[in-house]
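Novice: Right, I'll just put the structure down here and ask away after.
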Amino acid sequence: MGWRLYLDDDADTFRPPRTTIENPAWRSEVRLPPIPPDLSHLGDWVIARNFEEARAAVERLGFPTFVAFDHDLADGRDAIPLVNLLIAMDMESGSMPRDFAYEVHSRNPPGAENIRSKLESYFRSKSLPDSPCRFMP
C-alpha cells in the first residue's frame, strides 16, 4: 500500500493538511483545483517539516504515492533536495509508483514552478505523461 507525504514547514502550527491541502477555500487561494484528489486510501498524512524528516520518511516507508510540496522548509532549505532524491531513487531502482502524483501548495511562485518543472522534465525524459495531479496556476 502506498502512502502520502505532506511537506510543509508550518504543518504542525497553522498549516496542517486538514486546513490546507484538504480545504477547498484554501486550495483556491494557492491556485489548486478546489476539490482535492481523494487520497483516503493512502491512510494518514506523513508530515515532514524539513528535508531530513522527509528523507527519513522515504527511507522508512519507501517511495510515496503522493507528495504535497511546500517550497520553503523549516531548515532554511527548499523542497528541491527532496525532488532530487525522489528522481535519483527512481533512476536507480525504478521505485516510483506508476500512480505517483503530487501537488505544489507553495505561496512562492518561482519556487513552486521550480518543483513542477523539475518533476515534469523528469517525467518527459522517461517518456511518461505528465503526472495526473499536476496542478499549475
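As shown in the C-alpha cells, the chain order sets the letters A, B, ...; within each chain, residues go from 1, and ligands are also counted from 1 in the order they appear.
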Determine which residues of chain A DSSP labels as strand (DSSP E) from the backbone of this structure, then write them out as a list in words.
Specialist: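 Selecting the strand (DSSP E) positions of chain A gives Arg4, Leu5, Tyr6, Leu7, Trp45, Val46, Ile47, Ala48, Phe66, Val67, Ala68, Phe69, Ala101, Tyr102, Glu103 and Val104 of chain A.
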Novice: Please identify all polymer residues within 8 Å of Leu39 of chain A, counting only C-alpha atoms, omitting same-chain residues fewer than 3 positions from it, and present them as a list in words.
Specialist: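 Surrounding residues, per the criterion: Arg4, Leu42 and Gly43 of chain A.
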Novice: For a quick check of understanding, using only C-alpha atoms, which of A:Trp3, A:Trp26, A:Pro37, A:Lys118 has the smallest distance to Pro64 of chain A?
Specialist: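 Closest to Pro64 of chain A of all the choices is A:Trp3.
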Novice: Could you jot down the atom CA of Arg124 of chain A to atom CA of Leu61 of chain A separation for me, Å, one decimal place?
Specialist: 26.1 Å
Novice: Within 12 Å of Val46 of chain A, counting only C-alpha atoms, which residues qualify if same-chain residues fewer than 4 places away don't, as a list of chain:residue names?
Specialist: A:Gly2, A:Trp3, A:Arg4, A:Leu5, A:Tyr6, A:Leu7, A:Asp8, A:Ala11, A:Asp12, A:Pro16, A:Pro17, A:Leu42, A:Glu53, A:Ala54, A:Arg55, A:Ala56, A:Ala57, A:Val58, A:Arg60, A:Leu61, A:Pro64, A:Thr65, A:Phe66, A:Val67, A:Ala68
Novice: Just asking: which residues within chain A are helix (DSSP H, G or I) according to DSSP, as number ranges by chain?
Specialist: A: 17-19, 24-29, 40-42, 51-61, 80-93, 109-125
Novice: From the set A:Asn108, A:Trp45, A:Phe51, A:Val30, which residue has the shortest atom-to-atom contact distance to Asn84 of chain A, counting only C-alpha atoms?
Specialist: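 Between A:Asn108, A:Trp45, A:Phe51, A:Val30, the residue approaching Asn84 of chain A most closely is A:Phe51.
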Novice: Between atom CA of Pro81 of chain A and atom CA of Asn114 of chain A, what is the distance, to one decimal in Å?
Specialist: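 These two atoms are separated by 11.5 Å.
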Novice: Can you tell me, as an NGL selection string, what residues are no more than 6 Å from Asp9 of chain A when counting only C-alpha atoms, ignoring any on the same chain fewer than 6 positions away?
Specialist: :A and (49 or 73-74)
Novice: Grab the residues selected above and save them as a PDB file, in the first residue's frame with N, CA and C atoms.
Specialist:
ATOM      1  N   ARG A  49       8.590  18.528   8.043  1.00  0.00           N
ATOM      2  CA  ARG A  49       8.739  19.982   8.065  1.00  0.00           C
ATOM      3  C   ARG A  49      10.014  20.448   7.369  1.00  0.00           C
ATOM      4  N   LEU A  73      11.271  25.415   3.460  1.00  0.00           N
ATOM      5  CA  LEU A  73      11.170  24.471   4.568  1.00  0.00           C
ATOM      6  C   LEU A  73      11.778  25.022   5.848  1.00  0.00           C
ATOM      7  N   ALA A  74      11.521  24.341   6.944  1.00  0.00           N
ATOM      8  CA  ALA A  74      11.906  24.814   8.279  1.00  0.00           C
ATOM      9  C   ALA A  74      13.414  24.852   8.492  1.00  0.00           C
TER      10      ALA A  74
END
Novice: Rank nothing, just name the residue among A:Phe14, A:Asp70, A:Arg77, A:Pro97 nearest to Met1 of chain A, using only C-alpha atoms.
Specialist: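 The shortest atom-to-atom distance to Met1 of chain A comes from A:Pro97.
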Novice: Report the distance between atom CA of Arg27 of chain A and atom CA of Val104 of chain A in Å, rounded to one decimal place.
Specialist: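 Distance between the two atoms: 10.4 Å.
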